[in-house]
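Visitor: File name target_38.csv; file contents CSV, C-alpha atoms; full text below.
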chain,number,residue,atom,x,y,z
P,49,MET,CA,-55.0,-28.6,4.1
P,50,ASP,CA,-51.7,-29.3,2.4
P,51,SER,CA,-52.0,-26.1,0.4
P,52,LYS,CA,-52.4,-24.0,3.5
P,53,ILE,CA,-49.2,-25.5,5.0
P,54,ILE,CA,-47.3,-25.0,1.7
P,55,HIS,CA,-48.7,-21.4,1.5
P,56,ALA,CA,-47.6,-20.7,5.1
P,57,ALA,CA,-44.1,-22.2,4.5
P,58,CYS,CA,-43.7,-20.0,1.4
P,59,MET,CA,-44.8,-16.9,3.3
P,60,GLY,CA,-42.4,-17.7,6.1
P,61,ALA,CA,-39.5,-18.1,3.7
P,62,ALA,CA,-40.4,-14.9,1.9
P,63,VAL,CA,-40.6,-12.9,5.2
P,64,THR,CA,-37.2,-14.4,6.3
P,65,MET,CA,-35.6,-13.4,3.0
P,66,ILE,CA,-37.0,-9.9,3.2
P,67,ALA,CA,-35.9,-9.5,6.8
P,68,THR,CA,-32.4,-10.7,5.9
P,69,GLY,CA,-32.2,-8.3,3.0
P,70,VAL,CA,-33.3,-5.4,5.2
P,71,ALA,CA,-30.7,-6.4,7.8
P,72,ILE,CA,-27.9,-6.5,5.2
P,73,ILE,CA,-28.9,-3.1,3.8
P,74,GLU,CA,-29.0,-1.6,7.3
P,75,GLN,CA,-25.6,-3.0,8.1
P,76,GLU,CA,-24.1,-1.5,4.9
P,77,ARG,CA,-25.6,1.9,5.7
P,78,ASN,CA,-24.1,1.9,9.2
P,79,THR,CA,-20.6,0.8,8.0
P,80,ILE,CA,-18.1,3.6,8.3
P,81,TYR,CA,-15.8,3.7,5.3
P,82,ILE,CA,-12.3,5.1,5.8
P,83,PRO,CA,-10.8,6.6,2.6
P,84,ARG,CA,-7.5,5.2,1.5
P,85,GLU,CA,-4.4,7.2,1.6
P,86,PRO,CA,-3.1,8.5,-1.7
P,87,ARG,CA,-0.5,6.3,-3.2
P,88,ILE,CA,3.0,7.6,-3.1
P,89,ASN,CA,5.3,7.8,-6.1
P,90,ALA,CA,7.9,5.3,-5.0
P,91,ILE,CA,10.4,6.1,-7.8
P,92,ALA,CA,10.3,9.8,-7.0
P,93,GLN,CA,10.6,9.2,-3.3
P,94,ARG,CA,13.6,6.8,-3.8
P,95,GLU,CA,15.4,9.4,-6.1
P,96,PHE,CA,14.7,12.1,-3.5
P,97,PHE,CA,16.1,9.9,-0.7
P,98,ILE,CA,19.3,9.0,-2.6
P,99,ASP,CA,19.9,12.6,-3.7
P,100,ASN,CA,19.4,13.8,-0.1
P,101,ILE,CA,22.1,11.3,1.0
P,102,LEU,CA,24.6,12.1,-1.7
P,103,ASN,CA,24.2,15.9,-1.8
P,104,ARG,CA,24.3,16.7,1.9
P,105,GLY,CA,28.0,16.2,2.2
P,106,ASP,CA,30.5,13.4,2.7
P,107,ARG,CA,30.0,13.1,6.4
P,108,HIS,CA,26.3,12.7,6.1
P,109,CYS,CA,26.7,10.1,3.3
P,110,VAL,CA,29.2,8.1,5.4
P,111,GLU,CA,26.8,8.2,8.3
P,112,GLN,CA,23.9,6.9,6.2
P,113,ILE,CA,25.5,4.3,3.9
P,114,ARG,CA,29.0,3.9,5.3
P,115,MET,CA,30.8,5.2,2.2
P,116,LYS,CA,31.7,8.5,0.5
P,117,PRO,CA,29.7,9.4,-2.6
P,118,VAL,CA,32.9,8.9,-4.8
P,119,VAL,CA,33.1,5.3,-3.6
P,120,LEU,CA,29.4,4.7,-4.2
P,121,TYR,CA,29.7,6.0,-7.8
P,122,ARG,CA,32.7,3.8,-8.4
P,123,LEU,CA,30.8,0.8,-7.0
P,124,CYS,CA,27.9,1.6,-9.3
P,125,ASP,CA,30.2,1.8,-12.3
P,126,VAL,CA,31.8,-1.6,-11.4
P,127,LEU,CA,28.4,-3.3,-10.9
P,128,THR,CA,27.0,-1.8,-14.1
P,129,SER,CA,30.1,-2.8,-16.2
P,130,HIS,CA,29.7,-6.4,-15.1
P,131,ASP,CA,25.9,-6.3,-15.7
P,132,LEU,CA,25.1,-6.8,-12.0
P,133,LEU,CA,23.1,-3.6,-11.6
Would you write the structure of this file as structure tokens?
Guide:
Amino acid sequence: MDSKIIHAACMGAAVTMIATGVAIIEQERNTIYIPREPRINAIAQREFFIDNILNRGDRHCVEQIRMKPVVLYRLCDVLTSHDLL
């Protein structure tokens, strides 16, 4: 009689494992995957942004960064010469 109980317990465990596996597979099949956006090239985007500010004229540059392009270039030279940039 003990072997019948052990056999029934093993069968119950096997059925439970199979049912769990089927549920997991079914859930994965129903999951909607959203594709990731393509990564942007941050260096190119940064260069485009700075060029856009500096090359659209003094007024636009002052409106965006509160200084004329000549002053920005001078600031960059000072920071570079003191190894701060």
Visitor: In Å, how far is it from CA of Arg114 in chain P to CA of Ile101 in chain P?
Guide: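 Taking CA of Arg114 in chain P as the start and CA of Ile101 in chain P as the end point, the length is 11.0 Å.
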Visitor: Work out how far apart CA of Gln93 in chain P and CA of Gln112 in chain P are and give it in Å to one decimal.
Guide: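 Separation between CA of Gln93 in chain P and CA of Gln112 in chain P: 16.5 Å.
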Visitor: Smallest atom-to-atom distance to Arg104 in chain P: which of P:Asp125, P:Pro83, P:Met65, P:Pro117, using all atoms listed in the file?
Guide: P:Pro117
Visitor: In Å, with one decimal, what is the gap from CA of Cys109 in chain P to CA of Phe96 in chain P?
Guide: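 For CA of Cys109 in chain P relative to CA of Phe96 in chain P, the distance reads 13.9 Å.
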Visitor: Would you mind writing range 80-91 of chain P with all heavy atoms, as a PDB file, keeping the file's coordinate frame?
Guide:
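Output (part_11.pdb):
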ATOM      1  N   ILE P  80     -18.874   2.429   8.460  1.00  0.00           N
ATOM      2  CA  ILE P  80     -18.100   3.600   8.300  1.00  0.00           C
ATOM      3  C   ILE P  80     -16.916   3.284   7.335  1.00  0.00           C
ATOM      4  O   ILE P  80     -16.114   2.405   7.632  1.00  0.00           O
ATOM      5  CB  ILE P  80     -17.546   4.179   9.594  1.00  0.00           C
ATOM      6  CG1 ILE P  80     -18.709   4.554  10.504  1.00  0.00           C
ATOM      7  CG2 ILE P  80     -16.625   5.360   9.368  1.00  0.00           C
ATOM      8  CD1 ILE P  80     -18.289   4.924  11.897  1.00  0.00           C
ATOM      9  N   TYR P  81     -16.845   3.964   6.214  1.00  0.00           N
ATOM     10  CA  TYR P  81     -15.800   3.700   5.300  1.00  0.00           C
ATOM     11  C   TYR P  81     -14.667   4.740   5.481  1.00  0.00           C
ATOM     12  O   TYR P  81     -14.913   5.941   5.548  1.00  0.00           O
ATOM     13  CB  TYR P  81     -16.290   3.809   3.835  1.00  0.00           C
ATOM     14  CG  TYR P  81     -17.210   2.673   3.486  1.00  0.00           C
ATOM     15  CD1 TYR P  81     -18.583   2.834   3.482  1.00  0.00           C
ATOM     16  CD2 TYR P  81     -16.691   1.429   3.178  1.00  0.00           C
ATOM     17  CE1 TYR P  81     -19.425   1.787   3.172  1.00  0.00           C
ATOM     18  CE2 TYR P  81     -17.524   0.367   2.870  1.00  0.00           C
ATOM     19  CZ  TYR P  81     -18.888   0.558   2.865  1.00  0.00           C
ATOM     20  OH  TYR P  81     -19.709  -0.485   2.561  1.00  0.00           O
ATOM     21  N   ILE P  82     -13.465   4.253   5.609  1.00  0.00           N
ATOM     22  CA  ILE P  82     -12.300   5.100   5.800  1.00  0.00           C
ATOM     23  C   ILE P  82     -11.625   5.234   4.423  1.00  0.00           C
ATOM     24  O   ILE P  82     -11.227   4.226   3.836  1.00  0.00           O
ATOM     25  CB  ILE P  82     -11.331   4.546   6.824  1.00  0.00           C
ATOM     26  CG1 ILE P  82     -12.046   4.409   8.169  1.00  0.00           C
ATOM     27  CG2 ILE P  82     -10.084   5.402   6.939  1.00  0.00           C
ATOM     28  CD1 ILE P  82     -11.239   3.697   9.227  1.00  0.00           C
ATOM     29  N   PRO P  83     -11.473   6.448   3.916  1.00  0.00           N
ATOM     30  CA  PRO P  83     -10.800   6.600   2.600  1.00  0.00           C
ATOM     31  C   PRO P  83      -9.383   6.173   2.641  1.00  0.00           C
ATOM     32  O   PRO P  83      -8.697   6.357   3.650  1.00  0.00           O
ATOM     33  CB  PRO P  83     -10.992   8.076   2.277  1.00  0.00           C
ATOM     34  CG  PRO P  83     -11.199   8.730   3.590  1.00  0.00           C
ATOM     35  CD  PRO P  83     -11.853   7.719   4.493  1.00  0.00           C
ATOM     36  N   ARG P  84      -8.902   5.595   1.558  1.00  0.00           N
ATOM     37  CA  ARG P  84      -7.500   5.200   1.500  1.00  0.00           C
ATOM     38  C   ARG P  84      -6.603   6.372   1.312  1.00  0.00           C
ATOM     39  O   ARG P  84      -6.999   7.383   0.744  1.00  0.00           O
ATOM     40  CB  ARG P  84      -7.321   4.232   0.282  1.00  0.00           C
ATOM     41  CG  ARG P  84      -8.142   2.960   0.414  1.00  0.00           C
ATOM     42  CD  ARG P  84      -7.824   2.039  -0.694  1.00  0.00           C
ATOM     43  NE  ARG P  84      -6.591   1.351  -0.295  1.00  0.00           N
ATOM     44  CZ  ARG P  84      -5.999   0.425  -0.996  1.00  0.00           C
ATOM     45  NH1 ARG P  84      -6.482   0.081  -2.158  1.00  0.00           N
ATOM     46  NH2 ARG P  84      -4.909  -0.157  -0.567  1.00  0.00           N
ATOM     47  N   GLU P  85      -5.390   6.203   1.803  1.00  0.00           N
ATOM     48  CA  GLU P  85      -4.400   7.200   1.600  1.00  0.00           C
ATOM     49  C   GLU P  85      -3.971   7.292   0.160  1.00  0.00           C
ATOM     50  O   GLU P  85      -3.962   6.270  -0.515  1.00  0.00           O
ATOM     51  CB  GLU P  85      -3.165   6.939   2.494  1.00  0.00           C
ATOM     52  CG  GLU P  85      -3.438   7.003   3.986  1.00  0.00           C
ATOM     53  CD  GLU P  85      -3.723   8.408   4.446  1.00  0.00           C
ATOM     54  OE1 GLU P  85      -3.100   9.360   3.935  1.00  0.00           O
ATOM     55  OE2 GLU P  85      -4.596   8.568   5.321  1.00  0.00           O
ATOM     56  N   PRO P  86      -3.610   8.466  -0.309  1.00  0.00           N
ATOM     57  CA  PRO P  86      -3.100   8.500  -1.700  1.00  0.00           C
ATOM     58  C   PRO P  86      -1.841   7.740  -1.842  1.00  0.00           C
ATOM     59  O   PRO P  86      -1.004   7.717  -0.940  1.00  0.00           O
ATOM     60  CB  PRO P  86      -2.909  10.016  -1.944  1.00  0.00           C
ATOM     61  CG  PRO P  86      -2.832  10.634  -0.605  1.00  0.00           C
ATOM     62  CD  PRO P  86      -3.609   9.758   0.334  1.00  0.00           C
ATOM     63  N   ARG P  87      -1.691   7.092  -2.978  1.00  0.00           N
ATOM     64  CA  ARG P  87      -0.500   6.300  -3.200  1.00  0.00           C
ATOM     65  C   ARG P  87       0.698   7.230  -3.454  1.00  0.00           C
ATOM     66  O   ARG P  87       0.560   8.283  -4.059  1.00  0.00           O
ATOM     67  CB  ARG P  87      -0.683   5.395  -4.423  1.00  0.00           C
ATOM     68  CG  ARG P  87      -1.758   4.373  -4.169  1.00  0.00           C
ATOM     69  CD  ARG P  87      -1.767   3.345  -5.275  1.00  0.00           C
ATOM     70  NE  ARG P  87      -2.818   2.388  -5.052  1.00  0.00           N
ATOM     71  CZ  ARG P  87      -2.639   1.207  -4.504  1.00  0.00           C
ATOM     72  NH1 ARG P  87      -1.459   0.821  -4.131  1.00  0.00           N
ATOM     73  NH2 ARG P  87      -3.653   0.390  -4.335  1.00  0.00           N
ATOM     74  N   ILE P  88       1.839   6.787  -2.960  1.00  0.00           N
ATOM     75  CA  ILE P  88       3.000   7.600  -3.100  1.00  0.00           C
ATOM     76  C   ILE P  88       3.753   7.150  -4.409  1.00  0.00           C
ATOM     77  O   ILE P  88       3.613   6.028  -4.866  1.00  0.00           O
ATOM     78  CB  ILE P  88       3.994   7.441  -1.934  1.00  0.00           C
ATOM     79  CG1 ILE P  88       4.385   5.978  -1.731  1.00  0.00           C
ATOM     80  CG2 ILE P  88       3.389   8.018  -0.689  1.00  0.00           C
ATOM     81  CD1 ILE P  88       5.494   5.781  -0.746  1.00  0.00           C
ATOM     82  N   ASN P  89       4.505   8.065  -4.961  1.00  0.00           N
ATOM     83  CA  ASN P  89       5.300   7.800  -6.100  1.00  0.00           C
ATOM     84  C   ASN P  89       6.633   7.209  -5.632  1.00  0.00           C
ATOM     85  O   ASN P  89       7.514   7.969  -5.234  1.00  0.00           O
ATOM     86  CB  ASN P  89       5.485   9.003  -6.989  1.00  0.00           C
ATOM     87  CG  ASN P  89       6.167   8.703  -8.293  1.00  0.00           C
ATOM     88  OD1 ASN P  89       6.655   7.592  -8.514  1.00  0.00           O
ATOM     89  ND2 ASN P  89       6.217   9.699  -9.161  1.00  0.00           N
ATOM     90  N   ALA P  90       6.778   5.899  -5.628  1.00  0.00           N
ATOM     91  CA  ALA P  90       7.900   5.300  -5.000  1.00  0.00           C
ATOM     92  C   ALA P  90       9.240   5.630  -5.754  1.00  0.00           C
ATOM     93  O   ALA P  90      10.285   5.806  -5.116  1.00  0.00           O
ATOM     94  CB  ALA P  90       7.773   3.746  -5.022  1.00  0.00           C
ATOM     95  N   ILE P  91       9.195   5.768  -7.069  1.00  0.00           N
ATOM     96  CA  ILE P  91      10.400   6.100  -7.800  1.00  0.00           C
ATOM     97  C   ILE P  91      10.883   7.495  -7.451  1.00  0.00           C
ATOM     98  O   ILE P  91      12.077   7.710  -7.185  1.00  0.00           O
ATOM     99  CB  ILE P  91      10.149   5.975  -9.339  1.00  0.00           C
ATOM    100  CG1 ILE P  91       9.865   4.516  -9.685  1.00  0.00           C
ATOM    101  CG2 ILE P  91      11.326   6.510 -10.132  1.00  0.00           C
ATOM    102  CD1 ILE P  91       9.393   4.310 -11.106  1.00  0.00           C
TER     103      ILE P  91
END
